[in-house]
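Enquirer: Got a structure for you, query_16.cif, holding mmCIF, C-alpha atoms.
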data_entry
#
loop_
_atom_site.label_atom_id
_atom_site.label_comp_id
_atom_site.auth_asym_id
_atom_site.auth_seq_id
_atom_site.Cartn_x
_atom_site.Cartn_y
_atom_site.Cartn_z
CA MET A 1 -11.29 -13.95 11.78
CA LYS A 2 -7.84 -12.87 12.84
CA GLU A 3 -4.88 -11.32 11.11
CA ILE A 4 -1.54 -12.73 12.21
CA ILE A 5 1.41 -10.40 11.65
CA ALA A 6 4.80 -12.03 12.10
CA VAL A 7 8.12 -10.21 11.79
CA ILE A 8 10.82 -12.81 11.17
CA ARG A 9 14.39 -13.24 9.95
CA MET A 10 14.95 -12.91 6.20
CA ASN A 11 16.57 -16.35 5.90
CA LYS A 12 13.62 -18.03 7.64
CA THR A 13 11.20 -17.20 4.82
CA SER A 14 11.19 -20.60 3.18
CA ALA A 15 11.11 -22.47 6.50
CA THR A 16 8.09 -20.36 7.44
CA LYS A 17 6.35 -21.07 4.13
CA LYS A 18 6.84 -24.81 4.67
CA ALA A 19 5.62 -24.57 8.25
CA LEU A 20 2.48 -22.72 7.12
CA VAL A 21 1.65 -25.37 4.54
CA ALA A 22 2.14 -28.03 7.22
CA ALA A 23 -0.18 -26.11 9.53
CA GLY A 24 -2.85 -26.09 6.84
CA VAL A 25 -2.78 -22.49 5.68
CA ALA A 26 -1.09 -21.84 2.39
CA GLY A 27 -2.10 -18.22 1.81
CA PHE A 28 0.01 -15.34 3.07
CA THR A 29 1.34 -11.93 2.11
CA ALA A 30 5.01 -11.15 2.72
CA ILE A 31 6.74 -7.77 2.71
CA LYS A 32 10.37 -6.78 3.12
CA VAL A 33 10.59 -4.46 6.09
CA GLN A 34 13.21 -2.91 8.33
CA GLY A 35 12.91 -2.79 12.05
CA ARG A 36 14.35 -2.99 15.49
CA GLY A 37 13.29 -4.67 18.68
CA LYS A 38 13.46 -3.94 22.34
CA LEU A 39 16.74 -2.33 23.41
CA VAL A 40 19.01 -5.11 24.69
CA GLU A 41 20.22 -4.09 28.12
CA SER A 42 22.05 -7.20 29.32
CA PRO A 43 25.81 -6.52 29.04
CA GLU A 44 26.69 -10.23 28.68
CA ALA A 45 24.43 -10.68 25.66
CA ILE A 46 25.91 -7.61 23.97
CA ALA A 47 29.52 -8.63 24.75
CA GLY A 48 28.93 -12.13 23.41
CA ARG A 49 27.38 -10.90 20.19
CA LYS A 50 30.11 -8.28 19.74
CA ALA A 51 32.86 -10.89 20.05
CA LYS A 52 31.07 -13.06 17.49
CA LEU A 53 30.71 -10.20 15.00
CA MET A 54 34.31 -9.06 15.49
CA ASP A 55 35.47 -12.61 14.68
CA LEU A 56 33.66 -12.40 11.36
CA ALA A 57 35.64 -9.33 10.29
CA ILE A 58 38.43 -9.84 7.77
CA ASP A 59 41.38 -7.81 9.03
CA ASP A 60 43.11 -7.58 5.64
CA ILE A 61 40.43 -5.39 4.09
CA SER A 62 39.10 -3.40 7.04
CA GLU A 63 40.67 -1.41 9.84
CA PRO A 64 39.91 -2.88 13.28
CA GLU A 65 38.73 0.53 14.59
CA GLU A 66 36.28 0.91 11.73
CA THR A 67 35.00 -2.62 12.23
CA GLU A 68 34.49 -1.91 15.88
CA LYS A 69 32.59 1.29 15.08
CA LEU A 70 30.35 -0.61 12.68
CA VAL A 71 29.74 -3.49 15.08
CA THR A 72 28.93 -1.07 17.90
CA GLY A 73 26.46 0.66 15.61
CA PHE A 74 24.75 -2.68 15.05
CA LEU A 75 24.43 -3.33 18.76
CA ASP A 76 23.54 0.03 20.30
CA GLY A 77 20.10 0.06 18.77
CA SER A 78 20.55 2.93 16.33
CA ARG A 79 20.27 0.71 13.25
CA LEU A 80 17.31 -0.95 11.60
CA PHE A 81 17.65 -4.58 10.57
CA PRO A 82 16.09 -6.16 7.48
CA ARG A 83 13.24 -8.50 8.31
CA ARG A 84 10.40 -10.25 6.54
CA LEU A 85 6.84 -9.40 7.57
CA PHE A 86 4.23 -12.12 7.02
CA LYS A 87 0.52 -11.39 7.12
CA ILE A 88 -1.81 -14.34 7.42
CA VAL A 89 -5.59 -14.10 7.76
CA ALA A 90 -7.04 -17.14 9.50
CA LYS A 91 -10.14 -18.44 11.20
CA ASP A 92 -10.30 -17.95 14.97
CA ASP A 93 -9.78 -21.63 15.84
CA GLU A 94 -6.69 -21.95 13.62
CA VAL A 95 -4.80 -19.06 15.19
CA SER A 96 -3.07 -20.93 18.02
CA LYS A 97 -1.94 -23.69 15.64
CA ILE A 98 -0.44 -21.17 13.24
CA VAL A 99 1.25 -19.18 16.01
CA ASP A 100 2.81 -22.39 17.35
CA ALA A 101 4.01 -23.33 13.87
CA LEU A 102 5.54 -19.88 13.36
CA ILE A 103 7.30 -20.01 16.71
CA GLN A 104 8.67 -23.52 16.04
CA ALA A 105 9.91 -22.60 12.57
CA ASN A 106 11.56 -19.32 13.50
CA ARG A 107 13.30 -20.08 16.75
CA THR A 108 17.10 -19.96 16.51
CA GLU A 109 19.93 -20.39 18.99
CA ASN A 110 20.67 -16.66 18.72
CA ARG A 111 17.39 -15.91 20.52
CA LEU A 112 17.67 -12.11 20.29
CA GLY A 113 16.14 -10.95 17.03
CA ASP A 114 14.01 -13.99 16.30
CA GLY A 115 10.97 -11.78 15.87
CA LYS A 116 7.50 -11.04 17.12
CA ILE A 117 3.99 -12.20 16.31
CA PHE A 118 0.89 -10.04 16.66
CA VAL A 119 -2.71 -11.20 16.40
CA LEU A 120 -5.26 -8.58 15.32
CA PRO A 121 -9.00 -8.87 14.79
CA ILE A 122 -10.32 -8.67 11.22
CA TYR A 123 -13.96 -7.72 10.82
CA ASP A 124 -14.60 -8.95 7.30
CA ALA A 125 -12.93 -10.37 4.20
CA VAL A 126 -14.05 -10.45 0.59
CA ARG A 127 -12.87 -12.74 -2.20
CA VAL A 128 -12.49 -10.58 -5.29
CA ARG A 129 -13.13 -13.44 -7.74
CA THR A 130 -16.55 -14.47 -6.41
CA GLY A 131 -17.59 -11.65 -4.07
CA GLU A 132 -17.94 -14.07 -1.10
CA TYR A 133 -17.83 -12.49 2.34
CA GLY A 134 -16.55 -13.62 5.73
CA GLU A 135 -14.84 -16.91 6.49
CA GLU A 136 -15.84 -18.39 3.14
CA ALA A 137 -13.56 -15.84 1.49
CA LEU A 138 -10.48 -17.22 3.25
CA MET B 13 -2.36 -3.74 23.31
CA LEU B 14 -2.53 -1.49 20.29
CA LEU B 15 -0.80 -1.44 16.93
CA ILE B 16 0.05 2.10 15.90
CA ARG B 17 0.72 2.69 12.23
CA ALA B 18 2.09 6.08 11.33
CA VAL B 19 2.54 7.19 7.73
CA VAL B 20 5.17 9.92 7.74
CA ARG B 21 7.41 11.73 5.30
CA PRO B 22 10.43 9.54 4.47
CA GLU B 23 12.83 12.37 5.40
CA LYS B 24 11.22 12.50 8.85
CA LYS B 25 11.60 8.76 9.45
CA ASP B 26 14.92 8.91 11.29
CA GLU B 27 13.77 11.80 13.45
CA VAL B 28 10.55 10.02 14.44
CA LEU B 29 12.43 6.79 15.25
CA PHE B 30 15.00 8.71 17.31
CA GLU B 31 12.34 10.57 19.27
CA LEU B 32 10.40 7.33 19.86
CA SER B 33 13.54 5.68 21.17
CA GLN B 34 14.19 8.64 23.46
CA ALA B 35 10.65 8.35 24.79
CA GLY B 36 11.23 4.66 25.58
CA PHE B 37 9.54 3.08 22.56
CA HIS B 38 12.51 1.50 20.89
CA ALA B 39 10.97 -1.36 18.96
CA ALA B 40 9.46 -0.51 15.59
CA THR B 41 9.04 -1.84 12.07
CA VAL B 42 9.51 0.42 9.06
CA ILE B 43 8.10 -0.16 5.57
CA ASP B 44 8.65 2.04 2.52
CA VAL B 45 5.26 2.70 0.97
CA VAL B 46 3.69 4.92 -1.67
CA GLY B 47 0.30 6.51 -1.41
CA ARG B 48 -1.85 9.56 -1.65
CA GLY B 49 -4.02 11.46 0.77
CA LYS B 50 -7.12 13.60 0.75
CA GLN B 51 -5.42 16.18 -1.47
CA LYS B 52 -5.38 13.65 -4.35
CA GLY B 53 -1.61 13.83 -4.76
CA ILE B 54 0.47 16.75 -5.93
CA LYS B 55 -0.07 18.57 -9.19
CA ILE B 56 3.06 20.09 -10.66
CA GLY B 57 2.36 21.77 -13.99
CA GLY B 58 0.11 19.36 -15.81
CA VAL B 59 1.47 16.26 -14.13
CA VAL B 60 -0.31 14.72 -11.14
CA TYR B 61 1.85 12.70 -8.76
CA ASP B 62 -0.44 10.44 -6.75
CA GLU B 63 2.06 7.80 -5.66
CA ILE B 64 3.95 9.83 -3.14
CA PRO B 65 6.66 7.93 -1.23
CA LYS B 66 6.14 7.72 2.53
CA ALA B 67 7.51 5.67 5.41
CA LEU B 68 5.09 3.51 7.39
CA ILE B 69 6.23 3.10 10.99
CA MET B 70 4.51 0.31 12.85
CA LEU B 71 4.77 -0.31 16.57
CA ALA B 72 2.86 -2.30 19.14
CA VAL B 73 2.35 -0.56 22.49
CA ARG B 74 0.42 -1.03 25.70
CA ASP B 75 -2.97 0.71 25.84
CA GLU B 76 -1.79 3.27 28.36
CA ASP B 77 1.16 4.32 26.17
CA LYS B 78 -1.03 5.23 23.20
CA LYS B 79 -1.20 8.95 23.94
CA ASP B 80 2.55 9.24 24.58
CA VAL B 81 3.43 7.53 21.30
CA ILE B 82 0.97 9.61 19.31
CA ASP B 83 2.26 12.82 20.89
CA VAL B 84 5.85 11.90 20.05
CA VAL B 85 5.00 11.07 16.44
CA LEU B 86 2.89 14.21 16.01
CA ARG B 87 5.71 16.36 17.35
CA ALA B 88 8.49 14.70 15.36
CA ALA B 89 6.69 14.24 12.04
CA LYS B 90 5.25 17.71 11.74
CA THR B 91 6.97 20.12 9.36
CA GLY B 92 7.16 23.77 10.33
CA VAL B 93 5.16 25.23 13.19
CA LYS B 94 1.69 24.73 11.74
CA GLY B 95 2.35 21.51 9.87
CA ALA B 96 1.69 21.04 6.17
CA TYR B 97 -0.31 18.85 3.83
CA GLY B 98 1.54 15.58 3.42
CA ASP B 99 2.85 15.30 6.97
CA GLY B 100 1.03 12.01 7.31
CA LYS B 101 -1.54 10.12 9.32
CA ILE B 102 -1.62 7.86 12.36
CA PHE B 103 -3.88 4.83 12.63
CA VAL B 104 -4.50 2.79 15.78
CA SER B 105 -5.83 -0.77 15.74
CA PRO B 106 -6.35 -3.31 18.49
CA VAL B 107 -3.90 -6.20 19.00
CA GLU B 108 -5.33 -9.20 20.79
CA GLU B 109 -2.20 -11.23 21.38
CA ALA B 110 1.56 -10.76 20.98
CA TYR B 111 4.28 -13.42 21.13
CA THR B 112 8.05 -13.26 21.27
CA ILE B 113 9.38 -16.00 19.00
CA SER B 114 12.65 -16.70 20.85
CA SER B 115 10.99 -17.42 24.21
CA GLY B 116 7.40 -18.05 23.19
CA ALA B 117 6.46 -15.50 25.85
CA VAL B 118 3.04 -13.88 25.59
CA GLY B 119 2.90 -10.09 25.66
CA LEU B 120 5.13 -7.27 24.51
#
Take the structure from the file and write it as structure tokens.
Expert:
Amino acid sequence: MKEIIAVIRMNKTSATKKALVAAGVAGFTAIKVQGRGKLVESPEAIAGRKAKLMDLAIDDISEPEETEKLVTGFLDGSRLFPRRLFKIVAKDDEVSKIVDALIQANRTENRLGDGKIFVLPIYDAVRVRTGEYGEEAL
Amino acid sequence: MLLIRAVVRPEKKDEVLFELSQAGFHAATVIDVVGRGKQKGIKIGGVVYDEIPKALIMLAVRDEDKKDVIDVVLRAAKTGVKGAYGDGKIFVSPVEEAYTISSGAVGL
């Protein structure tokens, strides 16, 4: 048995739920988390994202300097971003199918910030209702 | 690869994250949790508080970085010189595979 931990974008929650059902596993646990990824070091990627965020600002209600300060704070890695953490426990032979489904459902054109997936071993599972152990409990 | 889960005081969260970043471990996931430890919570007067808020910091690291990360967290999360009850715990579990969603790349 394996535990699949996926950290994904908040707005991809329902797409992920659909993808999981399509992949044949309906059960999951989701938590709201905050996090940050690897520090982005490529100057082009940062400049592009900064221009995009600055365009979103409404000049009538915010000072340009303050907007810039805020946007820089978003990009220099000092902030945590809201993300959704999915935990799925699956049988060994289903893991690659689920990982593929998660990757397909969560990929965006922004690339940076799409998330990470970790696969951890689980030694045992118990269904509370019946007391079954192991893979039967899944 | 290892997944390191550190339960620390919520007021120490920013300090731990800053120190981790300084040490080169920038990526992390933070969850607000409640829990109790060996001391069975805190008793103030007649009231027992056993759902004490903590921050759970989760990060995946390479095997060889385990000691560095643990040292950083121990240093940053400790209160006072000797430390105190409630400073938290660190758990380490194995990670078999890791994927980056945007590229599908395997590994950290």
Enquirer: What does the structure give for the distance between atom CA of Asn11 of chain A and atom CA of Arg107 of chain A, in Å to one decimal?
Expert: 11.9 Å
Enquirer: Evaluating the PyMOL selection byres ((chain B) within 12 of (chain A)) on the displayed file yields which residues, as a ChimeraX atom specification?
Expert: /B:13-16,25-27,29-34,36-45,67-73,104-120
Enquirer: Which residues, named as in the file, does the PyMOL selection byres ((chain A and resi 138) around 8) pick out? Answer as a PyMOL selection string.
Expert: chain A and resi 89-90+125+127+134-137
Enquirer: May I ask for the distance between atom CA of Val59 of chain B and atom CA of Asp99 of chain B, given in Å to one decimal place?
Expert: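 Separation between atom CA of Val59 of chain B and atom CA of Asp99 of chain B: 21.2 Å.
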Enquirer: Quick check on the file I pasted: which residues fall under the PyMOL selection byres ((chain B and resi 91) around 12)? Write them as a PyMOL selection string.
Expert: chain B and resi 20-21+23-24+27-28+85-90+92-100
Enquirer: Between atom CA of Pro64 of chain A and atom CA of Lys52 of chain A, measure the distance and give it in Å to one decimal.
Expert: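 Taking atom CA of Pro64 of chain A and atom CA of Lys52 of chain A, their separation equals 14.1 Å.
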Enquirer: Edge lengths and centre in Å to one decimal, as JSON, of the axis-aligned box that encloses all listed atoms of segment 74-88 of chain A with 4 Å added on every side?
Expert:
{"center_x": 11.5, "center_y": -5.7, "center_z": 13.4, "size_x": 34.6, "size_y": 25.3, "size_z": 21.8}
Enquirer: Which of these, B:Val19, B:Ile64, B:Ile102, B:Ile82, has the shortest distance to Val46 of chain B once you count all atoms listed in the file?
Expert: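 Closest to Val46 of chain B, using all atoms listed in the file: B:Ile64.
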Enquirer: Just checking: using only C-alpha atoms, which residue out of B:Gly49, B:Val60, B:Ala35, B:Pro22 ends up closest to Lys101 of chain B?
Expert: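 Smallest distance to Lys101 of chain B is found for B:Gly49.
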Enquirer: Of the candidates B:Asp62, B:Ala18, B:Gly57, B:Lys52, which shows the shortest atom-to-atom distance to Asp83 of chain B, using only C-alpha atoms?
Expert: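 For Asp83 of chain B, the nearest of the given residues is B:Ala18.
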Enquirer: Please identify all polymer residues within 12 Å of Lys69 of chain A, counting all atoms listed in the file, omitting same-chain residues fewer than 6 positions from it, and present them as a PyMOL selection string.
Expert: chain A and resi 50+53-54+62-63+75-76
Enquirer: Where atoms are missing, can you supply all heavy atoms for segment 80-91 of chain B and output the lot as a PDB file, in the frame of the given file?
Expert:
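Listing of result22.pdb after writing:
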ATOM      1  N   ASP B  80       1.155   8.837  24.634  1.00  0.00           N
ATOM      2  CA  ASP B  80       2.550   9.240  24.580  1.00  0.00           C
ATOM      3  C   ASP B  80       3.124   9.045  23.182  1.00  0.00           C
ATOM      4  O   ASP B  80       3.780   9.923  22.624  1.00  0.00           O
ATOM      5  CB  ASP B  80       3.387   8.417  25.580  1.00  0.00           C
ATOM      6  CG  ASP B  80       3.026   8.745  27.014  1.00  0.00           C
ATOM      7  OD1 ASP B  80       2.286   9.724  27.208  1.00  0.00           O
ATOM      8  OD2 ASP B  80       3.480   8.026  27.917  1.00  0.00           O
ATOM      9  N   VAL B  81       2.868   7.848  22.613  1.00  0.00           N
ATOM     10  CA  VAL B  81       3.430   7.530  21.300  1.00  0.00           C
ATOM     11  C   VAL B  81       2.884   8.497  20.257  1.00  0.00           C
ATOM     12  O   VAL B  81       3.629   9.047  19.434  1.00  0.00           O
ATOM     13  CB  VAL B  81       3.111   6.076  20.913  1.00  0.00           C
ATOM     14  CG1 VAL B  81       3.542   5.787  19.499  1.00  0.00           C
ATOM     15  CG2 VAL B  81       3.806   5.122  21.863  1.00  0.00           C
ATOM     16  N   ILE B  82       1.574   8.726  20.303  1.00  0.00           N
ATOM     17  CA  ILE B  82       0.970   9.610  19.310  1.00  0.00           C
ATOM     18  C   ILE B  82       1.532  11.024  19.445  1.00  0.00           C
ATOM     19  O   ILE B  82       1.864  11.675  18.451  1.00  0.00           O
ATOM     20  CB  ILE B  82      -0.565   9.565  19.422  1.00  0.00           C
ATOM     21  CG1 ILE B  82      -1.051   8.179  18.982  1.00  0.00           C
ATOM     22  CG2 ILE B  82      -1.216  10.646  18.574  1.00  0.00           C
ATOM     23  CD1 ILE B  82      -2.518   7.957  19.131  1.00  0.00           C
ATOM     24  N   ASP B  83       1.692  11.486  20.690  1.00  0.00           N
ATOM     25  CA  ASP B  83       2.260  12.820  20.890  1.00  0.00           C
ATOM     26  C   ASP B  83       3.661  12.925  20.311  1.00  0.00           C
ATOM     27  O   ASP B  83       3.999  13.913  19.658  1.00  0.00           O
ATOM     28  CB  ASP B  83       2.309  13.149  22.392  1.00  0.00           C
ATOM     29  CG  ASP B  83       0.939  13.516  22.931  1.00  0.00           C
ATOM     30  OD1 ASP B  83       0.032  13.722  22.104  1.00  0.00           O
ATOM     31  OD2 ASP B  83       0.776  13.578  24.159  1.00  0.00           O
ATOM     32  N   VAL B  84       4.479  11.881  20.556  1.00  0.00           N
ATOM     33  CA  VAL B  84       5.850  11.900  20.050  1.00  0.00           C
ATOM     34  C   VAL B  84       5.852  11.960  18.526  1.00  0.00           C
ATOM     35  O   VAL B  84       6.564  12.757  17.912  1.00  0.00           O
ATOM     36  CB  VAL B  84       6.626  10.661  20.550  1.00  0.00           C
ATOM     37  CG1 VAL B  84       7.941  10.528  19.818  1.00  0.00           C
ATOM     38  CG2 VAL B  84       6.855  10.737  22.033  1.00  0.00           C
ATOM     39  N   VAL B  85       5.020  11.106  17.901  1.00  0.00           N
ATOM     40  CA  VAL B  85       5.000  11.070  16.440  1.00  0.00           C
ATOM     41  C   VAL B  85       4.493  12.397  15.884  1.00  0.00           C
ATOM     42  O   VAL B  85       5.059  12.952  14.934  1.00  0.00           O
ATOM     43  CB  VAL B  85       4.138   9.896  15.927  1.00  0.00           C
ATOM     44  CG1 VAL B  85       4.048   9.916  14.409  1.00  0.00           C
ATOM     45  CG2 VAL B  85       4.707   8.569  16.384  1.00  0.00           C
ATOM     46  N   LEU B  86       3.437  12.932  16.485  1.00  0.00           N
ATOM     47  CA  LEU B  86       2.890  14.210  16.010  1.00  0.00           C
ATOM     48  C   LEU B  86       3.953  15.304  16.071  1.00  0.00           C
ATOM     49  O   LEU B  86       4.107  16.089  15.143  1.00  0.00           O
ATOM     50  CB  LEU B  86       1.694  14.630  16.865  1.00  0.00           C
ATOM     51  CG  LEU B  86       0.381  13.883  16.646  1.00  0.00           C
ATOM     52  CD1 LEU B  86      -0.675  14.413  17.591  1.00  0.00           C
ATOM     53  CD2 LEU B  86      -0.090  14.019  15.211  1.00  0.00           C
ATOM     54  N   ARG B  87       4.694  15.314  17.186  1.00  0.00           N
ATOM     55  CA  ARG B  87       5.710  16.360  17.350  1.00  0.00           C
ATOM     56  C   ARG B  87       6.832  16.185  16.352  1.00  0.00           C
ATOM     57  O   ARG B  87       7.283  17.145  15.729  1.00  0.00           O
ATOM     58  CB  ARG B  87       6.237  16.303  18.787  1.00  0.00           C
ATOM     59  CG  ARG B  87       6.813  17.609  19.268  1.00  0.00           C
ATOM     60  CD  ARG B  87       7.231  17.509  20.712  1.00  0.00           C
ATOM     61  NE  ARG B  87       8.179  16.432  20.918  1.00  0.00           N
ATOM     62  CZ  ARG B  87       8.014  15.477  21.831  1.00  0.00           C
ATOM     63  NH1 ARG B  87       6.977  15.466  22.604  1.00  0.00           N
ATOM     64  NH2 ARG B  87       8.912  14.518  21.967  1.00  0.00           N
ATOM     65  N   ALA B  88       7.287  14.934  16.175  1.00  0.00           N
ATOM     66  CA  ALA B  88       8.490  14.700  15.360  1.00  0.00           C
ATOM     67  C   ALA B  88       8.178  14.726  13.863  1.00  0.00           C
ATOM     68  O   ALA B  88       9.045  15.063  13.060  1.00  0.00           O
ATOM     69  CB  ALA B  88       9.120  13.376  15.743  1.00  0.00           C
ATOM     70  N   ALA B  89       6.972  14.380  13.474  1.00  0.00           N
ATOM     71  CA  ALA B  89       6.690  14.240  12.040  1.00  0.00           C
ATOM     72  C   ALA B  89       6.161  15.516  11.420  1.00  0.00           C
ATOM     73  O   ALA B  89       6.069  15.627  10.198  1.00  0.00           O
ATOM     74  CB  ALA B  89       5.685  13.106  11.824  1.00  0.00           C
ATOM     75  N   LYS B  90       5.820  16.461  12.255  1.00  0.00           N
ATOM     76  CA  LYS B  90       5.250  17.710  11.740  1.00  0.00           C
ATOM     77  C   LYS B  90       6.344  18.541  11.086  1.00  0.00           C
ATOM     78  O   LYS B  90       7.465  18.616  11.575  1.00  0.00           O
ATOM     79  CB  LYS B  90       4.657  18.471  12.923  1.00  0.00           C
ATOM     80  CG  LYS B  90       3.577  19.449  12.557  1.00  0.00           C
ATOM     81  CD  LYS B  90       3.190  20.218  13.789  1.00  0.00           C
ATOM     82  CE  LYS B  90       1.710  20.117  14.052  1.00  0.00           C
ATOM     83  NZ  LYS B  90       1.303  20.894  15.215  1.00  0.00           N
ATOM     84  N   THR B  91       6.001  19.203   9.970  1.00  0.00           N
ATOM     85  CA  THR B  91       6.970  20.120   9.360  1.00  0.00           C
ATOM     86  C   THR B  91       6.518  21.541   9.640  1.00  0.00           C
ATOM     87  O   THR B  91       5.340  21.864   9.530  1.00  0.00           O
ATOM     88  CB  THR B  91       7.058  19.897   7.833  1.00  0.00           C
ATOM     89  OG1 THR B  91       5.740  19.953   7.292  1.00  0.00           O
ATOM     90  CG2 THR B  91       7.670  18.567   7.489  1.00  0.00           C
TER      91      THR B  91
END
